[in-house]
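What follows is the content of query-v2.tsv, which has TSV, C-alpha atoms and all ligand atoms:
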```tsv
chain	number	residue	atom	x	y	z
J	1303	MET	CA	0.00	0.00	0.00
J	1304	ASN	CA	1.33	3.38	-0.99
J	1305	ASN	CA	0.14	6.24	1.19
J	1306	THR	CA	0.82	9.02	-1.30
J	1307	GLN	CA	-2.80	8.89	-2.51
J	1308	PHE	CA	-3.97	10.07	0.94
J	1309	THR	CA	-4.08	13.61	2.33
J	1310	PRO	CA	-1.40	13.86	5.09
J	1311	ARG	CA	-3.69	13.82	8.10
J	1312	VAL	CA	-3.05	13.37	11.80
J	1313	PHE	CA	-5.60	11.84	14.15
J	1314	SER	CA	-5.21	11.19	17.85
J	1315	GLY	CA	-7.39	11.06	20.94
J	1316	ILE	CA	-7.46	11.02	24.71
J	1317	GLN	CA	-10.02	9.41	27.01
J	1318	PRO	CA	-12.03	11.67	29.30
J	1319	SER	CA	-11.70	8.98	31.96
J	1320	GLY	CA	-10.32	11.36	34.59
J	1321	GLY	CA	-8.30	14.54	34.73
J	1322	LEU	CA	-5.40	15.06	32.33
J	1323	THR	CA	-1.99	14.00	33.62
J	1324	LEU	CA	1.53	15.16	32.85
J	1325	GLY	CA	1.88	11.82	30.98
J	1326	ASN	CA	-0.98	12.70	28.65
J	1327	TYR	CA	0.46	16.19	28.20
J	1328	LEU	CA	4.05	15.20	27.40
J	1329	GLY	CA	3.27	11.90	25.64
J	1330	ALA	CA	0.39	13.23	23.59
J	1331	ILE	CA	-0.98	16.80	23.73
J	1332	LYS	CA	2.31	18.68	23.54
J	1333	ARG	CA	3.14	16.71	20.43
J	1334	PHE	CA	-0.35	17.25	19.00
J	1335	VAL	CA	0.33	20.97	19.23
J	1336	ASP	CA	3.72	20.59	17.50
J	1337	MET	CA	2.17	18.62	14.63
J	1338	GLN	CA	-0.64	21.16	14.30
J	1339	ASN	CA	1.86	24.01	14.11
J	1340	GLN	CA	4.23	22.26	11.70
J	1341	GLY	CA	1.59	22.84	9.04
J	1342	ASP	CA	2.44	19.62	7.14
J	1343	PHE	CA	-0.78	17.89	8.15
J	1344	GLN	CA	-4.47	18.41	8.58
J	1345	THR	CA	-4.95	17.65	12.28
J	1346	VAL	CA	-7.95	16.05	14.01
J	1347	TYR	CA	-7.97	15.67	17.80
J	1348	CYS	CA	-10.60	13.86	19.79
J	1349	MET	CA	-12.00	13.29	23.25
J	1350	VAL	CA	-12.70	9.55	23.02
J	1351	ASP	CA	-15.71	9.29	25.34
J	1352	LEU	CA	-16.89	5.99	23.82
J	1353	HIS	CA	-13.57	4.48	24.90
J	1354	ALA	CA	-13.88	5.95	28.38
J	1355	ILE	CA	-17.11	4.02	29.06
J	1356	THR	CA	-15.39	0.67	28.49
J	1357	VAL	CA	-14.93	0.97	32.25
J	1358	TRP	CA	-17.60	2.52	34.49
J	1359	GLN	CA	-17.88	6.31	34.32
J	1360	ASP	CA	-20.21	8.35	36.44
J	1361	PRO	CA	-22.29	10.33	33.86
J	1362	ALA	CA	-21.81	13.72	35.52
J	1363	ALA	CA	-18.07	13.12	35.88
J	1364	LEU	CA	-17.82	12.00	32.25
J	1365	ARG	CA	-19.51	15.21	31.08
J	1366	ARG	CA	-17.21	17.33	33.25
J	1367	ASN	CA	-14.08	15.42	32.24
J	1368	THR	CA	-14.95	15.67	28.53
J	1369	ARG	CA	-15.32	19.46	28.75
J	1370	GLU	CA	-12.22	19.75	30.93
J	1371	LEU	CA	-10.25	17.70	28.42
J	1372	ALA	CA	-11.42	20.01	25.62
J	1373	ALA	CA	-10.31	22.96	27.78
J	1374	GLY	CA	-6.95	21.19	28.30
J	1375	PHE	CA	-6.45	20.74	24.57
J	1376	ILE	CA	-7.23	24.39	23.84
J	1377	ALA	CA	-5.25	25.76	26.79
J	1378	SER	CA	-2.22	23.72	25.66
J	1379	GLY	CA	-2.34	25.28	22.20
J	1380	ILE	CA	-4.74	23.24	20.07
J	1381	SER	CA	-6.50	25.90	18.04
J	1382	PRO	CA	-10.04	25.17	16.79
J	1383	GLU	CA	-9.11	27.32	13.77
J	1384	LYS	CA	-6.14	25.13	12.85
J	1385	SER	CA	-7.33	21.68	14.04
J	1386	ILE	CA	-10.63	19.85	14.07
J	1387	LEU	CA	-11.50	19.25	17.73
J	1388	ILE	CA	-14.28	16.78	18.46
J	1389	ASN	CA	-15.95	14.54	20.96
J	1390	GLN	CA	-16.03	11.00	19.58
J	1391	SER	CA	-19.71	10.24	20.28
J	1392	ALA	CA	-20.76	13.36	18.36
J	1393	VAL	CA	-19.37	11.86	15.14
J	1394	PRO	CA	-21.38	8.63	14.74
J	1395	GLU	CA	-19.24	7.31	11.88
J	1396	HIS	CA	-16.57	6.31	14.45
J	1397	ALA	CA	-18.89	3.73	16.06
J	1398	GLN	CA	-20.34	2.67	12.70
J	1399	LEU	CA	-16.95	1.87	11.23
J	1400	GLY	CA	-16.01	0.35	14.60
J	1401	TRP	CA	-18.67	-2.32	14.05
J	1402	ILE	CA	-17.34	-3.17	10.59
J	1403	PHE	CA	-13.82	-3.46	12.05
J	1404	SER	CA	-15.11	-5.69	14.87
J	1405	CYS	CA	-16.07	-8.05	12.05
J	1406	VAL	CA	-12.65	-7.74	10.39
J	1407	ALA	CA	-10.45	-8.13	13.50
J	1408	ARG	CA	-9.87	-11.67	14.75
J	1409	MET	CA	-10.43	-12.84	18.33
J	1410	GLY	CA	-6.85	-14.12	18.43
J	1411	TRP	CA	-5.48	-10.66	17.57
J	1412	MET	CA	-7.55	-8.97	20.26
J	1413	SER	CA	-6.60	-11.59	22.86
J	1414	ARG	CA	-2.96	-10.58	22.50
J	1415	MET	CA	-3.51	-6.93	23.44
J	1416	THR	CA	-1.50	-6.25	26.57
J	1417	GLN	CA	-3.55	-3.19	27.54
J	1418	PHE	CA	-6.66	-5.37	27.84
J	1419	LYS	CA	-4.75	-7.78	30.03
J	1420	ASP	CA	-3.45	-4.90	32.19
J	1421	LYS	CA	-6.80	-3.18	32.53
J	1422	ALA	CA	-8.89	-6.32	32.98
J	1423	GLY	CA	-6.39	-7.76	35.45
J	1424	LYS	CA	-7.45	-11.00	37.08
J	1425	ASN	CA	-11.09	-10.25	36.42
J	1426	ALA	CA	-11.25	-10.60	32.61
J	1427	GLU	CA	-14.58	-12.48	32.79
J	1428	ALA	CA	-16.23	-9.50	34.43
J	1429	SER	CA	-14.77	-6.92	32.01
J	1430	SER	CA	-17.01	-5.26	29.47
J	1431	LEU	CA	-17.07	-6.56	25.93
J	1432	GLY	CA	-16.22	-2.98	24.96
J	1433	LEU	CA	-12.91	-3.13	26.84
J	1434	PHE	CA	-11.96	-6.20	24.81
J	1435	ALA	CA	-13.13	-4.68	21.50
J	1436	TYR	CA	-11.60	-1.23	22.24
J	1437	PRO	CA	-8.74	-1.54	19.69
J	1438	ALA	CA	-11.20	-2.18	16.82
J	1439	LEU	CA	-12.98	1.07	17.67
J	1440	MET	CA	-9.61	2.81	17.97
J	1441	ALA	CA	-8.73	1.58	14.46
J	1442	ALA	CA	-12.03	3.04	13.26
J	1443	ASP	CA	-11.35	6.39	14.99
J	1444	ILE	CA	-8.19	6.69	12.94
J	1445	LEU	CA	-9.22	5.15	9.64
J	1446	VAL	CA	-12.61	6.87	9.37
J	1447	TYR	CA	-10.47	9.95	8.59
J	1448	HIS	CA	-8.03	8.04	6.37
J	1449	ALA	CA	-5.47	9.43	8.82
J	1450	THR	CA	-1.87	8.76	7.85
J	1451	HIS	CA	-0.05	9.68	11.10
J	1452	VAL	CA	-0.96	9.05	14.75
J	1453	PRO	CA	1.08	10.68	17.55
J	1454	VAL	CA	0.79	8.54	20.71
J	1455	GLY	CA	2.69	7.43	23.78
J	1456	GLU	CA	4.63	4.17	23.83
J	1457	ASP	CA	1.71	2.29	25.45
J	1458	GLN	CA	-0.37	2.61	22.28
J	1459	LYS	CA	2.17	1.03	19.92
J	1460	GLN	CA	0.51	-2.38	19.91
J	1461	HIS	CA	-2.92	-0.89	19.18
J	1462	LEU	CA	-1.49	0.93	16.19
J	1463	GLU	CA	0.03	-2.26	14.87
J	1464	LEU	CA	-3.43	-3.78	15.14
J	1465	THR	CA	-4.88	-0.78	13.27
J	1466	ARG	CA	-2.46	-1.53	10.43
J	1467	ASP	CA	-3.45	-5.22	10.49
J	1468	ILE	CA	-7.15	-4.36	10.34
J	1469	ALA	CA	-6.62	-1.96	7.41
J	1470	ALA	CA	-4.51	-4.53	5.55
J	1471	LYS	CA	-7.05	-7.32	6.12
J	1472	PHE	CA	-9.95	-5.13	5.01
J	1473	ASN	CA	-8.06	-4.07	1.87
J	1474	HIS	CA	-7.07	-7.67	1.16
J	1475	ASP	CA	-10.47	-9.29	1.84
J	1476	TYR	CA	-12.38	-6.79	-0.30
J	1477	GLY	CA	-9.66	-6.43	-2.96
J	1478	VAL	CA	-9.32	-2.67	-2.51
J	1479	ASP	CA	-6.66	-0.10	-1.68
J	1480	PHE	CA	-9.04	1.88	0.48
J	1481	PHE	CA	-7.53	2.30	3.95
J	1482	PRO	CA	-4.02	3.75	4.45
J	1483	GLU	CA	-1.19	2.15	6.39
J	1484	VAL	CA	-0.99	4.47	9.39
J	1485	GLU	CA	2.36	5.63	10.76
J	1486	PRO	CA	2.66	5.74	14.55
J	1487	VAL	CA	4.57	8.83	15.68
J	1488	ILE	CA	6.20	7.89	18.98
J	1489	GLU	CA	9.06	10.26	19.66
J	1490	GLY	CA	10.62	12.59	22.21
J	1491	ALA	CA	11.97	12.19	25.73
J	1492	ALA	CA	8.60	11.43	27.32
J	1493	THR	CA	6.88	8.73	25.31
J	1494	ARG	CA	6.39	6.84	28.58
J	1495	VAL	CA	6.12	9.01	31.69
J	1496	MET	CA	6.19	6.78	34.74
J	1497	SER	CA	4.38	6.93	38.08
J	1498	LEU	CA	6.09	9.16	40.64
J	1499	ARG	CA	5.63	6.39	43.21
J	1500	ASP	CA	6.78	3.41	41.13
J	1501	GLY	CA	9.18	3.70	38.21
J	1502	SER	CA	7.92	0.44	36.69
J	1503	LYS	CA	4.32	1.67	36.23
J	1504	LYS	CA	3.14	4.28	33.76
J	1505	MET	CA	1.67	7.51	35.08
J	1506	SER	CA	-2.06	7.09	34.67
J	1507	LYS	CA	-5.20	9.14	35.33
J	1508	SER	CA	-6.95	6.17	36.89
J	1509	ASP	CA	-4.14	5.19	39.31
J	1510	PRO	CA	-5.77	5.11	42.75
J	1511	SER	CA	-2.84	7.09	44.20
J	1512	ASP	CA	-3.05	10.81	43.40
J	1513	ALA	CA	0.59	11.15	44.51
J	1514	SER	CA	1.60	8.92	41.56
J	1515	ARG	CA	0.79	11.58	39.00
J	1516	ILE	CA	0.87	15.29	38.29
J	1517	ASN	CA	-2.58	16.43	37.20
J	1518	MET	CA	-2.78	19.34	34.79
J	1519	THR	CA	-5.08	21.05	37.29
J	1520	ASP	CA	-2.70	20.70	40.27
J	1521	ASP	CA	-1.62	24.00	41.79
J	1522	ALA	CA	2.02	25.03	42.20
J	1523	ASP	CA	2.29	23.81	45.81
J	1524	THR	CA	0.82	20.41	44.96
J	1525	ILE	CA	3.17	19.97	41.99
J	1526	ALA	CA	6.19	20.89	44.13
J	1527	LYS	CA	5.08	18.56	46.93
J	1528	LYS	CA	4.51	15.61	44.59
J	1529	ILE	CA	7.92	16.07	42.97
J	1530	ARG	CA	9.61	16.46	46.36
J	1531	LYS	CA	8.02	13.19	47.50
J	1532	ALA	CA	8.68	11.33	44.21
J	1533	LYS	CA	10.42	8.02	44.77
J	1534	THR	CA	14.15	8.16	43.91
J	1535	ASP	CA	17.35	6.38	44.86
J	1536	PRO	CA	20.15	7.76	47.08
J	1537	ASP	CA	22.75	8.29	44.31
J	1538	ALA	CA	23.68	11.52	42.58
J	1539	LEU	CA	22.58	12.05	38.97
J	1540	PRO	CA	24.96	10.69	36.34
J	1541	SER	CA	26.52	12.81	33.60
J	1542	GLU	CA	25.57	10.40	30.83
J	1543	ALA	CA	22.36	8.58	29.84
J	1544	GLU	CA	24.04	5.20	30.29
J	1545	GLY	CA	24.19	5.94	34.02
J	1546	LEU	CA	20.36	5.98	34.21
J	1547	LYS	CA	20.13	2.33	33.22
J	1548	ASP	CA	18.56	0.34	36.07
J	1549	ARG	CA	17.49	3.59	37.76
J	1550	PRO	CA	13.87	3.87	36.52
J	1551	GLU	CA	12.77	6.60	38.94
J	1552	ALA	CA	15.81	8.78	38.27
J	1553	ARG	CA	15.41	8.24	34.53
J	1554	ASN	CA	11.77	9.23	34.73
J	1555	LEU	CA	12.47	12.57	36.44
J	1556	VAL	CA	15.25	13.37	33.97
J	1557	ASN	CA	12.98	12.47	31.04
J	1558	ILE	CA	10.26	14.74	32.40
J	1559	TYR	CA	12.75	17.58	32.81
J	1560	ALA	CA	14.06	17.09	29.26
J	1561	ALA	CA	10.58	16.98	27.71
J	1562	LEU	CA	9.35	20.03	29.61
J	1563	ASN	CA	12.47	22.02	28.75
J	1564	GLU	CA	12.61	20.76	25.15
J	1565	GLN	CA	16.09	19.34	25.63
J	1566	THR	CA	17.56	15.90	25.05
J	1567	VAL	CA	18.36	13.72	28.05
J	1568	GLU	CA	22.08	14.12	27.22
J	1569	GLN	CA	21.77	17.92	27.33
J	1570	VAL	CA	20.03	17.79	30.70
J	1571	LEU	CA	22.62	15.41	32.17
J	1572	ALA	CA	25.46	17.57	30.91
J	1573	GLU	CA	24.01	20.34	33.11
J	1574	VAL	CA	22.80	18.41	36.16
J	1575	GLY	CA	25.19	15.43	36.30
J	1576	GLY	CA	26.62	15.11	39.83
J	1577	GLN	CA	23.64	16.83	41.48
J	1578	GLN	CA	21.77	15.20	44.36
J	1579	PHE	CA	17.98	14.92	44.16
J	1580	GLY	CA	17.76	17.53	46.91
J	1581	THR	CA	18.99	20.04	44.31
J	1582	PHE	CA	17.45	18.54	41.17
J	1583	LYS	CA	13.91	18.07	42.46
J	1584	PRO	CA	13.30	21.78	43.33
J	1585	ALA	CA	14.65	22.75	39.87
J	1586	LEU	CA	12.29	20.24	38.25
J	1587	ALA	CA	9.38	21.49	40.35
J	1588	GLU	CA	10.10	25.08	39.33
J	1589	LEU	CA	10.28	24.11	35.67
J	1590	ALA	CA	7.05	22.06	35.87
J	1591	VAL	CA	5.17	24.89	37.57
J	1592	SER	CA	6.41	27.45	35.04
J	1593	LYS	CA	5.22	25.29	32.12
J	1594	LEU	CA	1.99	23.93	33.60
J	1595	SER	CA	0.59	26.89	35.56
J	1596	PRO	CA	-0.32	28.99	32.51
J	1597	ILE	CA	-2.15	25.96	31.08
J	1598	SER	CA	-4.12	25.22	34.24
J	1599	THR	CA	-5.04	28.90	34.64
J	1600	GLU	CA	-6.34	28.99	31.07
J	1601	MET	CA	-8.21	25.69	31.57
J	1602	ALA	CA	-9.99	27.16	34.60
J	1603	ARG	CA	-10.92	30.27	32.60
J	1604	LEU	CA	-12.32	28.17	29.74
J	1605	MET	CA	-14.27	25.99	32.17
J	1606	ASP	CA	-16.13	29.11	33.35
J	1607	ASP	CA	-18.02	29.04	30.05
J	1608	VAL	CA	-18.84	25.44	29.15
J	1609	GLY	CA	-21.44	26.73	26.64
J	1610	GLU	CA	-18.55	28.07	24.57
J	1611	ILE	CA	-16.71	24.71	24.78
J	1612	ASP	CA	-19.88	22.86	23.67
J	1613	LYS	CA	-20.26	25.28	20.74
J	1614	LEU	CA	-16.68	24.67	19.61
J	1615	LEU	CA	-17.17	20.89	19.83
J	1616	ALA	CA	-20.45	21.02	17.88
J	1617	ASN	CA	-18.69	22.98	15.17
J	1618	GLY	CA	-15.80	20.48	15.20
J	1619	ALA	CA	-18.26	17.61	14.72
J	1620	LEU	CA	-19.73	19.31	11.64
J	1621	GLN	CA	-16.27	19.73	10.13
J	1622	ALA	CA	-15.32	16.15	11.01
J	1623	ARG	CA	-18.41	14.67	9.40
J	1624	GLU	CA	-17.52	16.27	6.08
J	1625	ILE	CA	-14.56	13.86	6.11
J	1626	THR	CA	-16.06	10.84	7.85
J	1627	ALA	CA	-19.48	10.56	6.17
J	1628	PRO	CA	-18.11	9.98	2.62
J	1629	ILE	CA	-15.49	7.51	3.92
J	1630	LEU	CA	-18.13	5.51	5.80
J	1631	LYS	CA	-20.50	5.61	2.79
J	1632	LYS	CA	-17.77	4.23	0.54
J	1633	THR	CA	-16.91	1.56	3.15
J	1634	TYR	CA	-20.55	0.43	3.23
J	1635	GLU	CA	-20.56	0.22	-0.58
J	1636	ILE	CA	-17.36	-1.87	-0.56
J	1637	VAL	CA	-18.82	-4.21	2.06
J	1638	GLY	CA	-22.05	-4.62	0.07
J	1639	MET	CA	-24.55	-2.75	2.15
J	1640	VAL	CA	-27.68	-1.41	0.46
J	1641	GLY	CA	-29.65	1.74	1.27
K	1	LIG	N1	2.31	7.97	31.21
K	1	LIG	C1	2.24	8.29	29.93
K	1	LIG	N2	3.35	8.65	29.25
K	1	LIG	C2	3.30	9.01	27.93
K	1	LIG	N3	2.14	9.04	27.23
K	1	LIG	C3	1.02	8.70	27.88
K	1	LIG	N4	-0.27	8.62	27.48
K	1	LIG	C4	-1.04	8.22	28.51
K	1	LIG	N5	-0.29	8.03	29.59
K	1	LIG	C5	0.99	8.31	29.25
K	1	LIG	C6	-0.69	8.92	26.12
K	1	LIG	O1	-1.81	9.79	26.22
K	1	LIG	C7	-2.69	9.49	25.15
K	1	LIG	C8	-4.06	9.31	25.66
K	1	LIG	O2	-4.16	8.20	26.50
K	1	LIG	P1	-5.61	7.78	26.98
K	1	LIG	O3	-6.12	8.75	27.93
K	1	LIG	O4	-6.49	7.55	25.84
K	1	LIG	O5	-5.43	6.39	27.62
K	1	LIG	P2	-4.34	5.76	28.46
K	1	LIG	O6	-3.10	5.56	27.65
K	1	LIG	O7	-4.96	4.54	29.05
K	1	LIG	O8	-4.05	6.87	29.55
K	1	LIG	P3	-4.23	6.80	31.08
K	1	LIG	O9	-3.87	8.10	31.67
K	1	LIG	O10	-3.52	5.60	31.61
K	1	LIG	O11	-5.79	6.60	31.22
K	1	LIG	P4	-6.58	5.54	32.02
K	1	LIG	O12	-6.01	5.62	33.40
K	1	LIG	O13	-8.02	5.95	31.97
K	1	LIG	O14	-6.33	4.22	31.38
K	1	LIG	C9	-2.15	8.26	24.43
K	1	LIG	O15	-1.44	8.68	23.27
K	1	LIG	C10	-1.22	7.67	25.42
K	1	LIG	O16	-0.16	6.96	24.80
```

So that I can check it, write out the structure of this file as structure tokens.
Amino acid sequence: MNNTQFTPRVFSGIQPSGGLTLGNYLGAIKRFVDMQNQGDFQTVYCMVDLHAITVWQDPAALRRNTRELAAGFIASGISPEKSILINQSAVPEHAQLGWIFSCVARMGWMSRMTQFKDKAGKNAEASSLGLFAYPALMAADILVYHATHVPVGEDQKQHLELTRDIAAKFNHDYGVDFFPEVEPVIEGAATRVMSLRDGSKKMSKSDPSDASRINMTDDADTIAKKIRKAKTDPDALPSEAEGLKDRPEARNLVNIYAALNEQTVEQVLAEVGGQQFGTFKPALAELAVSKLSPISTEMARLMDDVGEIDKLLANGALQAREITAPILKKTYEIVGMVG
């Protein structure tokens, strides 16, 4: 499959399953903004509320989190003039193509998804069918736009490989060249931001421990306190990246510093190598507050007028459907549906 026939288009999404974390910001949103501003792509960004309900969501909290996520996107620099910003359930073609892809994807493929295993834990029997089928809907989210590039964090790599498999199987089974081969864009110093309490676990909005993550709505004191209390080891920071091997917590804090300051890990270590955490942590806290405070202030301002957020999302859905409706119509024709 040759992607040159497709408009260069970026799609990515975030679940409104809680408040935004620093992991979502560095691993996803910050890079969404960069790709928007590069100008090489049409960019579509999404609050994936249909994914969020694969695990229980209180309806009022889901509504609030969806609007807060939209505010987070905009406050971080996603411009509704430059990007299409939508809520997934407002663009029905996502779920419609999701069904077709549920019929293309194989049970064996889905059973290998590590995120399902992680999220379902020991209780897979009691998980929703939606949690198991999630990656087929994710493939539809992307391919209903014929998106060519998908910026994500490291944890989504396997789902994107599945998206490519679904597109290839659809194209093969129906003898068409209809869906593109999407390119995952996983780059930068913070493709996997780890929990502040456990360097082997990713920072996550649904982690029961609030101390494990920095929320985008945390105030300066809370950010500083969480960084001060972040788990570390007793050694000084090394001067080279090699020295962070087998030091997951130290590596995580250096990665966060590098991503926030738009430096490489090597550049950071050249400056801070030899420092103790007692010196490095306050510098990291100061940097985090200086980068995150303007965003949280703007989020709070935007949340004062949710009517305006809803209006922007309704307009985004109209723009999105100009792309998705013809792609779904053509898919139905290929599959043999009448009417
Ligand atoms: N810790 C992370 N480091 C780097 N990137 C991350 N992402 C999430 N956590 C990190 C990236 O953010 C995007 C949106 O993720 P999501 O909200 O759709 O789902 P998730 O990956 O399951 O994120 P959470 O925070 O862990 O949510 P919950 O707790 O609800 O499951 C993706 O691009 C993801 O890679």

What's the 7 Å shell around Ala1438 in chain J, counting only C-alpha atoms, without same-chain residues fewer than 4 positions away, as a ChimeraX atom specification?
/J:1400,1403-1404,1407,1442

Enumerate as a list in words the residues within 6 Å of ligand LIG 1 (chain K), counting all atoms listed in the file.
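Going residue by residue within 6 Å of ligand LIG 1 (chain K), we get Ile1316, Gln1317, Ser1319, Gly1325, Asn1326, Gly1329, Ala1330, Val1454, Gly1455, Glu1456, Asp1457, Gln1458, Ala1492, Thr1493, Arg1494, Val1495, Met1496, Lys1504, Met1505, Ser1506, Lys1507 and Ser1508 of chain J.
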
Pick out the residues sitting within 9 Å of range 1602-1618 of chain J, and hand them over as a list in words; count all atoms listed in the file, and ignore anything fewer than 2 positions along from it in its own chain.
Arg1369, Glu1370, Ala1372, Ala1373, Gly1374, Ile1376, Ala1377, Pro1382, Ser1385, Ile1386, Leu1387, Ile1388, Asn1389, Ala1392, Thr1519, Ile1597, Ser1598, Thr1599, Glu1600, Leu1620, Gln1621, Ala1622 and Arg1623 of chain J

For Ser1391 in chain J, find every residue with an atom within 9 Å (counting all atoms listed in the file), except residues of its own chain fewer than 5 positions away, and show them as a PDB file with C-alpha atoms, keeping the file's coordinate frame.
```
ATOM      1  CA  MET J1349     -12.000  13.290  23.250  1.00  0.00           C
ATOM      2  CA  VAL J1350     -12.700   9.550  23.020  1.00  0.00           C
ATOM      3  CA  ASP J1351     -15.710   9.290  25.340  1.00  0.00           C
ATOM      4  CA  LEU J1352     -16.890   5.990  23.820  1.00  0.00           C
ATOM      5  CA  HIS J1396     -16.570   6.310  14.450  1.00  0.00           C
ATOM      6  CA  ALA J1397     -18.890   3.730  16.060  1.00  0.00           C
TER       7      ALA J1397
END
```

Quick one: residues within 10 Å of range 1522-1538 of chain J, only C-alpha atoms, excluding same-chain residues fewer than 4 positions away - as number ranges by chain?
J: 1497-1501, 1512-1518, 1549-1555, 1574-1592, 1594-1595

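When all atoms listed in the file are used to compute distances to Ser1381 in chain J, the closest of the residues J:Asp1336, J:Asp1521, J:Asp1475, J:Glu1573 turns out to be J:Asp1336.
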
note - CA of Gly1379 in chain J and CA of Asn1339 in chain J are separated by 9.2 Å

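Across J:Pro1318, J:Phe1308, J:Gln1340, J:Pro1540, the tightest approach to Arg1366 in chain J is made by J:Pro1318 when counting all atoms listed in the file.
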